[in-house]
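What follows is a set of notes on a single structure, which appears directly below.
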Amino acid sequence: MEVLREASIALQGRVVTLWEVSPRAEVLPVMTSSSTASARDTRLDLDSTLHRWGAPIIEGSRWIGCQLDVGTVWCIAPVRRQPPAPPPDGVERRSRERITLELAGLCMGLVDQPAGSLPPGVSPPRQRLPEPDALAELVRQPSVIAHEVANPLTAALASLDLSLELVRERASLDPGFRAELLEELAGVAEGVEYAIHFLRSIQDRARGGLARSERFDAAQVVRSCVALERPLARRHGIALQGIVGVSGVFLQGDPNGLYQVLTNLIRNAVAASQERKAPVVVSLGLMGETLRLTVQDHGVGIAAEHLDRIFEPGFTTKDFGSGSGTGLTVVRQIAQDMFGGTVHVESTARRGTTFEVRLPIPPQRVTTRDKR
């Protein structure tokens, strides 16, 4: 509690709150710097904070933060026991508020340890604050938004399917133009289907369900992600190519987790390729009993002195406001914690970078055809 109060003083009296992710994937307040804090002071806006930076919602993870001004997004930092990486080239890009919260989060992480490992004289953490009605409403709001957006998307998908049929049947169209148009429409349909699926998963979590863990086709997720990211890459003048050399290989976990891993890697590769406009290639193949997912670019590359630090939380070479330094941390965390995999990188300055994600293949179901 004292850490939160001191942070509040350093932040000119702003209410500083500590949150924790519950087993139901809800972000709940544990304590605040003020005993008179209102529900508004502790209501963390997930979409403009954790989701905005691609931070994973992992059970037991904790975050400390405050609202800089009424109506603005939150400034947050993770609670951890290791300090964030120092800024590259000695150029500090974090705001004063972010640094203050990171120091407070480090203090909380060092002090708030399991009871058996607490230093002498240090009390265990307080119990979580009772969940106010306003916070329950926060959990409900994403479900309402997802419902309102998913329904028209479903209707749009039905109309798109009808358009595909009309294009196929129209004999007057040039065959080459028809093929190209069908390919583009199919890509849009696949992206809409993924968006609907993603929104439905938000509804499931908002209803209090556990984070998803299901059996899913890895190749299908990779194809969908490439299809959805291709138009965004094209806007930057980058061709995004997908090479999927496997089929019928299933992973166990949250398919949105794999999508998040691939999205972060693709967008980093596109950003690195904008100077040369060289293609970005996404490949999925087998390497023994492991799935090998690679994202390769021929862009600016990574400086040798930064290569060992790119996965450190908070490390970024981008200008302030252009990135949080969490993207690659999230990639490694999801690959390791959710799928038991590993992430490797090879890069040469001015020649390009290849990220390789290796995911062990769990036991596959045996079909009736396989038994014959």
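We name chains A, B, ... following the order of the structure tokens; residues begin at 1 in each chain, and ligands are numbered from 1 as shown.
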- Message: What's around A:Thr348 at 12 Å? Count only C-alpha atoms, leave out sequence neighbours fewer than 5 positions away in its own chain, and write the answer as number ranges by chain.
- Response: A: 296-307, 353-354
- Item | Selection near A:Glu356, 10 Å with only C-alpha atoms, sequence-local residues under 2 positions removed, as a ChimeraX atom specification | /A:265,282-284,292-296,342-346,353-354,358-359
- Message: Residues within 9 Å of stretch 182-186 of chain A, please, as a VMD selection string. Count only C-alpha atoms; anything in the same chain fewer than 4 positions from it doesn't count.
- Response: chain A and resid 160 to 161 163 to 164 167 to 168 177 to 178 190 to 191
- What is the distance between atom CA of A:Cys66 and atom CA of A:Val16, in Å to one decimal?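 It comes out at 4.8 Å.
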- Task: Find, counting only C-alpha atoms, the residue in A:Leu286, A:Gln241, A:Ala269, A:Gln364 that gets nearest to A:Arg215.
- Result: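 Among the listed residues, the smallest separation from A:Arg215 belongs to A:Gln364.
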- Shell around stretch 246-261 of chain A at 10 Å using only C-alpha atoms, local window under 3 positions removed, as JSON, numbers by chain: {"A": [54, 55, 56, 194, 197, 198, 201, 211, 212, 213, 214, 215, 216, 217, 218, 219, 220, 221, 222, 224, 225, 226, 243, 264, 265, 266, 283, 284, 285, 286, 291, 327, 328, 329, 330, 331, 332, 333, 334, 335, 338, 339, 357, 359, 360, 361, 362, 363, 364, 365]}
- Item | Shortest interatomic distance to A:Glu312 - which of A:Gly288, A:Arg350, A:Gln82, A:Leu11, counting only C-alpha atoms |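 When distances to A:Glu312 are compared using only C-alpha atoms, the smallest one comes from A:Gln82.
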- Item | Pairwise distance for atom CA of A:Leu262 and atom CA of A:Ile76, rounded to one decimal in Å | 24.5 Å
- Item | Selected residue, from A:Arg276, A:Met108, A:Gly237, A:Pro313, that lies nearest to A:Arg5 when counting only C-alpha atoms | A:Met108
- Item | stretch 329-365 of chain A: residues DSSP assigns to alpha helix (DSSP H), reported as an MDAnalysis selection string | chainID A and resid 329:337
- Identify all residues of stretch 272-370 of chain A in strand (DSSP E) (DSSP on the backbone) and supply them as a ChimeraX atom specification. /A:280-287,290-297,342-348,352-360
- Task: Name the residues in contact with A:Gln12 at a cut-off of 12 Å, using only C-alpha atoms, excluding same-chain residues fewer than 4 positions from it; report them as a VMD selection string.
- Result: chain A and resid 5 to 8 16 66 to 69 96 to 97 100
